[in-house]
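J.: This is entry-v7.tsv, which holds TSV, C-alpha atoms:
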```
chain	number	residue	atom	x	y	z
A	1	MET	CA	12.89	-104.68	86.39
A	2	ARG	CA	12.75	-108.39	87.17
A	3	SER	CA	14.63	-110.51	89.65
A	4	ILE	CA	16.51	-113.58	88.44
A	5	ARG	CA	17.03	-116.58	90.71
A	6	PRO	CA	20.50	-118.18	90.49
A	7	PRO	CA	21.32	-121.58	91.96
A	8	ALA	CA	22.19	-120.19	95.40
A	9	ARG	CA	21.02	-116.58	95.78
A	10	ARG	CA	18.59	-114.25	94.09
A	11	THR	CA	20.11	-111.48	91.96
A	12	ALA	CA	19.15	-108.69	89.55
A	13	SER	CA	20.50	-105.09	88.78
A	14	ARG	CA	19.85	-101.27	89.44
A	15	ALA	CA	18.55	-99.89	86.14
A	16	ARG	CA	17.68	-102.94	84.17
A	17	ARG	CA	17.97	-106.61	84.96
A	18	SER	CA	21.06	-108.65	85.94
A	19	PRO	CA	22.04	-112.22	86.84
A	20	ALA	CA	23.88	-114.13	89.49
A	21	LEU	CA	26.94	-112.81	91.23
A	22	ALA	CA	29.68	-114.41	93.22
A	23	ALA	CA	28.80	-115.71	96.66
A	24	ALA	CA	29.55	-112.33	98.25
A	25	LEU	CA	26.41	-110.71	96.74
A	26	THR	CA	22.79	-110.90	97.75
A	27	VAL	CA	19.94	-109.25	95.82
A	28	VAL	CA	21.44	-107.01	93.13
A	29	VAL	CA	19.38	-104.77	90.86
A	30	ALA	CA	20.20	-102.43	87.92
A	31	LEU	CA	19.22	-98.86	88.73
A	32	THR	CA	16.95	-98.02	85.78
A	33	ALA	CA	13.36	-96.94	86.27
A	34	THR	CA	10.80	-98.35	83.83
A	35	ALA	CA	7.24	-97.35	83.09
A	36	CYS	CA	5.48	-100.48	84.31
A	37	GLY	CA	2.07	-101.03	85.82
A	38	PRO	CA	1.37	-100.67	89.53
A	39	ASP	CA	2.15	-104.31	90.25
A	40	GLY	CA	5.11	-104.55	87.86
A	41	GLY	CA	3.28	-107.19	85.76
A	42	ASP	CA	4.18	-107.96	82.16
A	43	ALA	CA	0.65	-107.26	80.90
A	44	ASP	CA	0.66	-103.79	82.40
A	45	ALA	CA	4.16	-103.16	81.05
A	46	LYS	CA	3.05	-104.07	77.52
A	47	ALA	CA	-0.01	-101.88	77.80
A	48	SER	CA	2.17	-99.02	78.94
A	49	ALA	CA	4.51	-99.59	76.01
A	50	SER	CA	1.64	-99.59	73.54
A	51	ALA	CA	-0.09	-96.52	74.89
A	52	ALA	CA	2.82	-94.42	76.04
A	53	GLN	CA	5.07	-94.83	72.99
A	54	ASP	CA	2.70	-93.24	70.53
A	55	ALA	CA	3.96	-89.84	69.49
A	56	PRO	CA	1.66	-86.96	70.49
A	57	GLY	CA	-0.82	-85.92	67.85
A	58	GLY	CA	0.51	-83.44	65.35
A	59	THR	CA	4.14	-84.10	66.17
A	60	GLU	CA	6.73	-84.36	63.43
A	61	ILE	CA	9.46	-86.97	63.12
A	62	LYS	CA	12.54	-85.24	61.70
A	63	ILE	CA	14.81	-87.68	59.86
A	64	PRO	CA	17.96	-85.98	58.52
A	65	GLN	CA	19.31	-87.17	55.20
A	66	ASP	CA	22.16	-89.17	56.73
A	67	LEU	CA	19.71	-91.05	58.98
A	68	GLN	CA	17.41	-91.70	56.05
A	69	GLU	CA	20.31	-93.33	54.24
A	70	LYS	CA	21.11	-95.47	57.30
A	71	LEU	CA	17.52	-96.61	57.56
A	72	ARG	CA	17.36	-97.53	53.87
A	73	LYS	CA	20.66	-99.41	54.24
A	74	HIS	CA	19.04	-101.59	56.87
A	75	GLY	CA	15.94	-102.22	54.77
A	76	ILE	CA	13.62	-99.96	56.78
A	77	ASP	CA	10.80	-98.20	54.94
A	78	LEU	CA	10.91	-94.49	55.85
A	79	ASP	CA	7.16	-93.98	55.66
A	80	LYS	CA	6.54	-97.01	57.87
A	81	TRP	CA	9.21	-95.78	60.33
A	82	LYS	CA	7.47	-92.43	60.63
A	83	ASN	CA	4.13	-94.12	61.14
A	84	GLY	CA	5.20	-96.35	64.01
A	85	GLU	CA	7.74	-98.83	62.63
A	86	TRP	CA	10.25	-97.38	65.13
A	87	LYS	CA	8.33	-99.38	67.75
A	88	ASN	CA	9.28	-102.66	66.04
A	89	TRP	CA	11.72	-104.39	68.41
A	90	ASP	CA	12.14	-107.59	66.39
A	91	ARG	CA	15.81	-108.57	66.46
A	92	ASP	CA	16.17	-108.10	62.68
A	93	LYS	CA	14.88	-104.54	63.04
A	94	TRP	CA	16.70	-103.74	66.31
A	95	LEU	CA	19.98	-102.07	65.31
A	96	ARG	CA	22.86	-103.32	67.47
A	97	GLN	CA	26.21	-101.79	66.53
A	98	ALA	CA	27.62	-98.34	67.38
A	99	GLY	CA	27.57	-97.22	63.75
A	100	GLU	CA	23.89	-98.11	63.53
A	101	PHE	CA	22.47	-95.85	66.25
A	102	ILE	CA	19.44	-94.05	64.83
A	103	ASN	CA	17.43	-91.64	66.97
A	104	PRO	CA	15.43	-89.11	64.92
A	105	ILE	CA	13.79	-86.29	66.87
A	106	ILE	CA	10.07	-86.67	67.47
A	107	LYS	CA	9.16	-83.14	68.45
A	108	ASP	CA	7.29	-82.94	71.76
A	109	PHE	CA	7.30	-86.73	72.17
A	110	TRP	CA	8.78	-86.06	75.62
A	111	ASN	CA	6.41	-83.33	76.73
A	112	PRO	CA	6.60	-82.24	80.41
A	113	ASP	CA	3.62	-84.33	81.46
A	114	LYS	CA	5.06	-87.49	79.92
A	115	ILE	CA	8.48	-86.85	81.47
A	116	GLU	CA	6.94	-86.77	84.91
A	117	LYS	CA	4.91	-89.95	84.36
A	118	VAL	CA	7.87	-92.24	83.63
A	119	LYS	CA	8.04	-94.23	86.85
A	120	PRO	CA	9.93	-97.31	88.06
A	121	PRO	CA	8.38	-100.74	88.63
A	122	GLN	CA	7.19	-101.48	92.14
A	123	ASP	CA	8.37	-104.74	92.67
A	124	PRO	CA	30.84	-99.50	87.53
A	125	SER	CA	49.89	-90.13	79.99
A	126	LYS	CA	50.88	-92.96	82.25
A	127	PRO	CA	48.36	-95.22	83.77
A	128	GLU	CA	48.09	-95.26	87.55
A	129	ASP	CA	49.09	-98.53	89.17
A	130	ILE	CA	45.79	-100.09	90.22
A	131	SER	CA	47.07	-103.67	90.36
A	132	GLU	CA	46.32	-103.81	94.09
A	133	ASP	CA	42.62	-103.64	93.21
A	134	GLN	CA	42.50	-106.40	90.60
A	135	GLY	CA	40.31	-109.32	91.55
A	136	LYS	CA	39.64	-108.02	95.07
A	137	THR	CA	36.34	-107.69	96.90
A	138	ASP	CA	36.16	-105.84	100.21
A	139	PRO	CA	33.54	-106.35	102.93
A	140	GLU	CA	30.13	-104.92	102.14
A	141	PRO	CA	30.01	-101.23	103.12
A	142	ALA	CA	27.52	-99.83	105.60
A	143	ALA	CA	24.48	-98.18	104.07
A	144	VAL	CA	24.80	-94.42	103.49
A	145	PRO	CA	21.42	-92.66	103.34
A	146	ALA	CA	20.95	-90.59	100.18
A	147	GLN	CA	20.64	-86.85	100.75
A	148	ALA	CA	18.87	-84.30	98.57
A	149	VAL	CA	21.23	-82.18	96.45
A	150	ARG	CA	21.02	-78.48	97.26
A	151	THR	CA	19.06	-76.33	94.85
A	152	PRO	CA	19.03	-74.76	92.37
A	153	TYR	CA	20.70	-77.56	90.46
A	154	THR	CA	21.79	-75.06	87.83
A	155	SER	CA	24.27	-73.78	90.45
A	156	THR	CA	24.99	-76.79	92.64
A	157	ALA	CA	25.01	-79.62	90.06
A	158	PRO	CA	25.03	-78.05	86.58
A	159	GLY	CA	24.96	-80.65	83.85
A	160	VAL	CA	23.54	-83.56	85.86
A	161	GLY	CA	20.16	-84.54	84.47
A	162	LEU	CA	17.47	-87.00	83.51
A	163	LEU	CA	17.77	-89.45	80.60
A	164	LEU	CA	14.57	-90.76	78.97
A	165	PHE	CA	14.22	-93.53	76.40
A	166	SER	CA	11.90	-96.17	74.93
A	167	THR	CA	12.43	-99.93	75.36
A	168	PRO	CA	10.35	-102.96	74.31
A	169	GLU	CA	8.86	-103.05	77.82
A	170	GLY	CA	7.86	-99.38	77.90
A	171	GLU	CA	9.41	-96.02	78.57
A	172	SER	CA	12.30	-95.79	81.00
A	173	ARG	CA	14.49	-93.29	82.78
A	174	CYS	CA	18.08	-93.12	84.00
A	175	SER	CA	20.42	-90.32	85.05
A	176	ALA	CA	23.26	-88.82	82.99
A	177	THR	CA	25.85	-86.01	82.98
A	178	VAL	CA	27.34	-83.43	80.62
A	179	VAL	CA	31.07	-84.11	80.24
A	180	LYS	CA	33.80	-81.92	78.78
A	181	ASP	CA	34.87	-82.42	75.18
A	182	PRO	CA	38.54	-81.52	74.50
A	183	ALA	CA	37.66	-80.92	70.85
A	184	HIS	CA	35.11	-78.25	71.83
A	185	PRO	CA	36.33	-76.45	75.00
A	186	GLY	CA	33.44	-74.84	76.83
A	187	LYS	CA	31.01	-76.04	74.18
A	188	SER	CA	30.56	-79.75	74.75
A	189	ASN	CA	27.61	-81.74	73.47
A	190	LEU	CA	28.70	-85.02	75.13
A	191	VAL	CA	26.72	-86.88	77.80
A	192	TRP	CA	27.91	-89.78	79.99
A	193	THR	CA	25.65	-92.54	81.31
A	194	ALA	CA	25.45	-96.32	81.85
A	195	ALA	CA	25.46	-98.87	79.00
A	196	HIS	CA	22.30	-100.56	80.25
A	197	CYS	CA	20.49	-97.23	79.87
A	198	VAL	CA	21.15	-97.12	76.11
A	199	HIS	CA	21.63	-100.68	74.81
A	200	ALA	CA	19.95	-104.00	75.61
A	201	GLY	CA	23.15	-106.02	75.31
A	202	LYS	CA	23.49	-109.45	73.75
A	203	ASN	CA	19.80	-109.99	73.04
A	204	GLY	CA	18.91	-106.59	71.57
A	205	GLY	CA	20.18	-103.26	70.34
A	206	TRP	CA	20.03	-99.51	70.92
A	207	TYR	CA	17.03	-98.11	72.75
A	208	ARG	CA	15.03	-95.34	71.06
A	209	ASN	CA	13.69	-91.84	71.63
A	210	MET	CA	16.84	-91.14	73.68
A	211	MET	CA	16.47	-87.66	75.20
A	212	PHE	CA	18.41	-85.82	77.95
A	213	VAL	CA	17.07	-83.10	80.26
A	214	PRO	CA	19.93	-81.33	82.08
A	215	ASN	CA	19.22	-79.80	85.50
A	216	PHE	CA	15.74	-81.36	85.53
A	217	ASN	CA	13.43	-79.76	88.13
A	218	ARG	CA	16.12	-77.22	89.03
A	219	ASN	CA	14.38	-75.90	92.12
A	220	GLY	CA	13.72	-79.35	93.57
A	221	VAL	CA	9.96	-79.10	93.97
A	222	SER	CA	8.03	-82.22	94.92
A	223	ALA	CA	6.49	-84.53	92.34
A	224	ALA	CA	3.10	-83.05	93.18
A	225	GLY	CA	4.46	-79.52	92.96
A	226	MET	CA	5.87	-80.09	89.47
A	227	LYS	CA	2.36	-80.23	88.08
A	228	THR	CA	2.10	-76.47	88.51
A	229	ALA	CA	5.80	-75.56	88.28
A	230	PRO	CA	6.76	-73.39	85.29
A	231	PHE	CA	8.09	-75.24	82.25
A	232	GLU	CA	11.41	-73.38	82.54
A	233	ASP	CA	11.91	-74.82	86.04
A	234	ARG	CA	11.11	-78.37	85.01
A	235	VAL	CA	13.13	-78.25	81.79
A	236	PRO	CA	15.50	-75.32	82.41
A	237	ALA	CA	18.08	-76.02	79.67
A	238	GLY	CA	15.94	-77.61	76.97
A	239	LYS	CA	15.52	-81.13	75.64
A	240	TRP	CA	18.53	-82.76	73.96
A	241	TRP	CA	18.22	-85.76	71.63
A	242	ALA	CA	21.07	-88.22	71.12
A	243	ASP	CA	22.38	-88.24	67.55
A	244	ASP	CA	25.42	-90.46	68.16
A	245	MET	CA	26.03	-93.20	70.70
A	246	ALA	CA	28.85	-95.46	71.88
A	247	THR	CA	29.32	-98.10	74.53
A	248	SER	CA	31.77	-100.91	75.21
A	249	SER	CA	32.04	-103.80	72.77
A	250	GLU	CA	31.90	-106.06	75.82
A	251	TRP	CA	28.44	-104.78	76.71
A	252	ILE	CA	27.11	-105.11	73.16
A	253	LYS	CA	28.43	-108.67	72.95
A	254	ASP	CA	27.43	-110.03	76.36
A	255	GLY	CA	25.56	-107.41	78.39
A	256	GLY	CA	21.91	-107.23	79.28
A	257	ALA	CA	19.56	-109.04	81.60
A	258	VAL	CA	21.50	-112.29	81.32
A	259	PRO	CA	24.34	-111.93	81.99
A	260	GLY	CA	24.04	-108.29	83.01
A	261	VAL	CA	25.92	-108.37	86.29
A	262	PRO	CA	29.10	-110.06	84.97
A	263	MET	CA	29.31	-107.31	82.33
A	264	ALA	CA	28.81	-104.50	84.86
A	265	PRO	CA	32.56	-103.58	84.75
A	266	TYR	CA	31.84	-102.41	81.18
A	267	ASP	CA	28.54	-100.71	81.98
A	268	PHE	CA	29.31	-97.21	80.61
A	269	ALA	CA	28.22	-95.23	77.57
A	270	LEU	CA	28.71	-91.87	75.86
A	271	MET	CA	26.37	-89.96	73.59
A	272	HIS	CA	26.49	-86.83	71.44
A	273	VAL	CA	23.32	-84.74	71.54
A	274	LYS	CA	21.56	-81.92	69.74
A	275	ALA	CA	18.79	-79.63	70.91
A	276	GLU	CA	15.20	-80.39	70.01
A	277	GLU	CA	14.82	-76.65	69.51
A	278	GLY	CA	15.45	-73.32	71.19
A	279	SER	CA	19.18	-73.46	71.96
A	280	GLY	CA	19.96	-70.48	69.73
A	281	GLY	CA	23.05	-72.24	68.45
A	282	LYS	CA	24.47	-72.73	71.93
A	283	SER	CA	26.00	-76.02	73.02
A	284	LEU	CA	24.65	-78.29	75.71
A	285	GLU	CA	27.45	-77.26	78.07
A	286	GLU	CA	26.57	-73.59	77.59
A	287	MET	CA	22.87	-74.17	78.11
A	288	ALA	CA	23.33	-76.48	81.11
A	289	GLY	CA	25.87	-74.16	82.75
A	290	GLY	CA	28.61	-76.71	83.23
A	291	ALA	CA	30.35	-79.95	82.28
A	292	TYR	CA	32.76	-82.33	84.02
A	293	THR	CA	36.16	-83.77	83.15
A	294	VAL	CA	36.21	-87.55	82.78
A	295	ASN	CA	39.26	-89.01	84.53
A	296	PHE	CA	40.35	-92.25	82.87
A	297	ASN	CA	43.45	-92.44	85.08
A	298	ALA	CA	41.96	-92.56	88.56
A	299	PRO	CA	44.27	-93.98	91.24
A	300	ALA	CA	43.88	-97.17	93.24
A	301	MET	CA	40.85	-97.05	95.50
A	302	SER	CA	42.92	-96.83	98.67
A	303	LYS	CA	44.11	-93.43	97.40
A	304	ILE	CA	40.59	-92.05	96.83
A	305	PRO	CA	39.30	-90.54	100.10
A	306	SER	CA	35.69	-90.26	98.95
A	307	LEU	CA	33.30	-90.63	96.04
A	308	THR	CA	29.99	-88.83	95.55
A	309	ALA	CA	27.26	-90.48	93.50
A	310	GLN	CA	24.44	-88.30	92.15
A	311	GLY	CA	21.25	-88.98	90.26
A	312	TYR	CA	17.47	-89.01	90.19
A	313	PRO	CA	16.26	-92.18	91.97
A	314	ALA	CA	12.62	-92.89	91.18
A	315	GLU	CA	11.85	-96.14	92.95
A	316	ALA	CA	10.42	-95.98	96.49
A	317	PRO	CA	11.08	-94.30	98.81
A	318	PHE	CA	12.03	-91.73	96.14
A	319	ASP	CA	9.69	-90.36	93.48
A	320	GLY	CA	12.09	-89.26	90.73
A	321	ALA	CA	11.54	-85.55	91.22
A	322	LEU	CA	14.59	-84.73	93.33
A	323	GLN	CA	18.28	-85.14	92.66
A	324	GLN	CA	19.98	-87.15	95.43
A	325	GLN	CA	23.56	-87.92	96.39
A	326	CYS	CA	25.61	-90.34	98.51
A	327	THR	CA	29.20	-89.75	99.65
A	328	ASP	CA	31.42	-92.55	100.96
A	329	ARG	CA	34.97	-93.89	100.82
A	330	PRO	CA	35.10	-96.41	97.94
A	331	THR	CA	35.83	-100.09	98.38
A	332	ARG	CA	36.39	-102.86	95.85
A	333	LEU	CA	33.93	-105.23	94.17
A	334	SER	CA	35.25	-107.85	91.75
A	335	MET	CA	32.84	-109.59	89.38
A	336	ASP	CA	35.58	-111.69	87.79
A	337	ALA	CA	39.34	-111.85	88.45
A	338	VAL	CA	40.11	-111.03	84.81
A	339	LYS	CA	37.65	-108.11	84.54
A	340	PRO	CA	38.24	-104.60	85.98
A	341	THR	CA	37.40	-104.27	89.66
A	342	MET	CA	34.42	-102.00	90.34
A	343	TYR	CA	34.02	-99.17	92.85
A	344	ARG	CA	31.51	-99.77	95.63
A	345	ILE	CA	30.08	-97.32	98.15
A	346	GLY	CA	27.31	-97.34	100.71
A	347	CYS	CA	24.24	-95.73	99.13
A	348	THR	CA	20.46	-96.05	99.37
A	349	MET	CA	19.60	-94.58	95.94
A	350	THR	CA	17.19	-96.76	93.94
A	351	GLY	CA	16.05	-97.31	90.34
A	352	GLY	CA	16.39	-94.23	88.13
A	353	SER	CA	19.82	-93.31	89.48
A	354	SER	CA	21.58	-95.60	86.98
A	355	GLY	CA	24.04	-93.77	84.75
A	356	GLY	CA	24.38	-90.89	87.21
A	357	PRO	CA	27.88	-89.53	87.82
A	358	TRP	CA	30.35	-90.67	90.46
A	359	PHE	CA	32.61	-87.75	91.33
A	360	ALA	CA	36.00	-87.56	93.03
A	361	LYS	CA	37.95	-84.36	93.64
A	362	GLY	CA	40.62	-83.68	91.05
A	363	ALA	CA	44.03	-82.10	91.62
A	364	ASP	CA	42.40	-78.66	91.34
A	365	GLY	CA	39.76	-79.53	93.92
A	366	GLU	CA	36.98	-79.64	91.31
A	367	PRO	CA	34.79	-82.73	90.84
A	368	GLU	CA	35.86	-85.16	88.13
A	369	LEU	CA	33.74	-88.01	86.82
A	370	ILE	CA	35.52	-91.32	87.48
A	371	SER	CA	32.56	-93.72	87.28
A	372	ASN	CA	28.79	-93.98	86.90
A	373	MET	CA	26.01	-95.71	88.79
A	374	SER	CA	25.59	-99.26	87.57
A	375	MET	CA	24.02	-101.59	90.12
A	376	GLY	CA	23.25	-102.34	93.75
A	377	PRO	CA	21.14	-104.56	95.99
A	378	ARG	CA	17.47	-104.46	96.77
A	379	PRO	CA	16.66	-103.14	99.27
A	380	ALA	CA	19.24	-100.46	98.45
A	381	LYS	CA	22.22	-100.47	100.82
A	382	TRP	CA	25.21	-100.04	98.53
A	383	ALA	CA	25.95	-99.26	94.88
A	384	ALA	CA	28.69	-100.17	92.40
A	385	GLY	CA	30.17	-98.42	89.38
A	386	PRO	CA	32.74	-99.40	86.72
A	387	HIS	CA	36.40	-98.38	86.71
A	388	LEU	CA	36.90	-96.25	83.58
A	389	GLY	CA	40.05	-97.61	81.94
A	390	PRO	CA	41.39	-98.08	78.39
A	391	GLU	CA	38.07	-99.33	76.96
A	392	ALA	CA	36.23	-96.25	78.18
A	393	ARG	CA	39.06	-93.90	77.14
A	394	ASN	CA	39.13	-95.29	73.59
A	395	MET	CA	35.36	-94.97	73.30
A	396	PHE	CA	35.49	-91.35	74.49
A	397	ASN	CA	38.41	-90.35	72.24
A	398	ALA	CA	36.75	-91.86	69.17
A	399	MET	CA	33.52	-89.96	69.80
A	400	SER	CA	35.32	-86.65	70.43
A	401	LYS	CA	37.46	-87.07	67.30
A	402	ARG	CA	34.46	-87.95	65.16
A	403	TRP	CA	32.58	-84.80	66.13
A	404	ALA	CA	35.70	-82.61	65.99
A	405	ALA	CA	35.80	-83.41	62.29
A	406	LYS	CA	32.17	-82.34	61.95
A	407	GLY	CA	32.76	-78.95	63.55
```
Represent the supplied structure as structure tokens.

T.:
Amino acid sequence: MRSIRPPARRTASRARRSPALAAALTVVVALTATACGPDGGDADAKASASAAQDAPGGTEIKIPQDLQEKLRKHGIDLDKWKNGEWKNWDRDKWLRQAGEFINPIIKDFWNPDKIEKVKPPQDPSKPEDISEDQGKTDPEPAAVPAQAVRTPYTSTAPGVGLLLFSTPEGESRCSATVVKDPAHPGKSNLVWTAAHCVHAGKNGGWYRNMMFVPNFNRNGVSAAGMKTAPFEDRVPAGKWWADDMATSSEWIKDGGAVPGVPMAPYDFALMHVKAEEGSGGKSLEEMAGGAYTVNFNAPAMSKIPSLTAQGYPAEAPFDGALQQQCTDRPTRLSMDAVKPTMYRIGCTMTGGSSGGPWFAKGADGEPELISNMSMGPRPAKWAAGPHLGPEARNMFNAMSKRWAAKG
């Protein structure tokens, strides 16, 4: 994660990089945690990418027939892909569009030891009327200290988990959540996260080796304690690889490090997943023990008494082992008068929490996902997430419909 210096004030983002904001913002950082060296230097990052991205010895890359056809269509040699060509991030080889997401399973690539070593760098019917929010920015909220989520996560936060992936700079981590699929009631395989956790934006394409671990470290042991914790406690519901991905067209066109922050109102993504192995035919929702409704019709912010953000922050003072949460009354943050206004809350969660769910209570009193962690300042005092409107709804409906047809 690098900082970018605008003409007046220094800015960045809380999961990858971001650019300058309006005058109201100070140091803003994307909340993704990347496997960089101890001083965050480029040389160490490249070394990490080279060493850490090699698949473990004896592993097998499974490329289903449909993916093989996609790879051939894009001029990629299958044998070369299996032998390391997947690490080629040249723009001509870096697939950009939603229909070009390719993520073959590399069995045991994300073994428990590697999962724990991915660390951060040191260094947002009838639509609700939300017109009162458009183009408005409220005063900066007071910091709300993150609190550890009660354990076991399989009971208190089922379906919230850790998202791992490979980028040109090395291996990275975000947070993500199982969401309900109306086409498969009780048996969803859909996961919600942030766009910057899955796609590089205007200057790149889809990240690779995208894998989700629901209820990671369910008993909340320390990072040191995980070294001896049973595998079933660290990875209690299996490892789930993305086999379909979607994000906003706005992010693909203009997102990323520059200009990441202006595109933050469109910083959301949805993936369909399948088990690496061992699910016994059960869905992700069944294995994780829960899923959440996505509310694309949330009311104006003045009508939302509180929002709770959850995730696995991994940048100091956190170590990525424990799930944390912040609860606050949302306020407004506008990046651009013509773009959707974002939610903002006080929160001290750091890198690694990007993509994590933002919950509000629904009419039935149960938590509904109405946003995801996108960005915040460094040092962490507040966080912002996108308003999920028509763009997000259309993305979700298309994904659900596509997989309804596949059974």

J.: What does the distance between CA of Asn215 (chain A) and CA of Pro158 (chain A) come to in Å, to one decimal place?

T.: 6.2 Å

J.: Using CA of Lys202 (chain A) and CA of Asp254 (chain A) as the two end points, give the distance in Å to one decimal.

T.: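 Result for CA of Lys202 (chain A) versus CA of Asp254 (chain A): 4.8 Å, one decimal.
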
J.: Interatomic distance between CA of Trp403 (chain A) and CA of Lys361 (chain A)?

T.: 28.0 Å

J.: Taking only C-alpha atoms into account, name the residue in A:Gly311, A:Pro305, A:Gly346, A:Gly220 that is nearest to Lys381 (chain A).

T.: A:Gly346

J.: Which one of A:Gly238, A:Gly205, A:Gly186, A:Gly170 sits closest to Val118 (chain A) if you count only C-alpha atoms?

T.: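 Going through A:Gly238, A:Gly205, A:Gly186, A:Gly170 one by one, the smallest distance to Val118 (chain A) is for A:Gly170.
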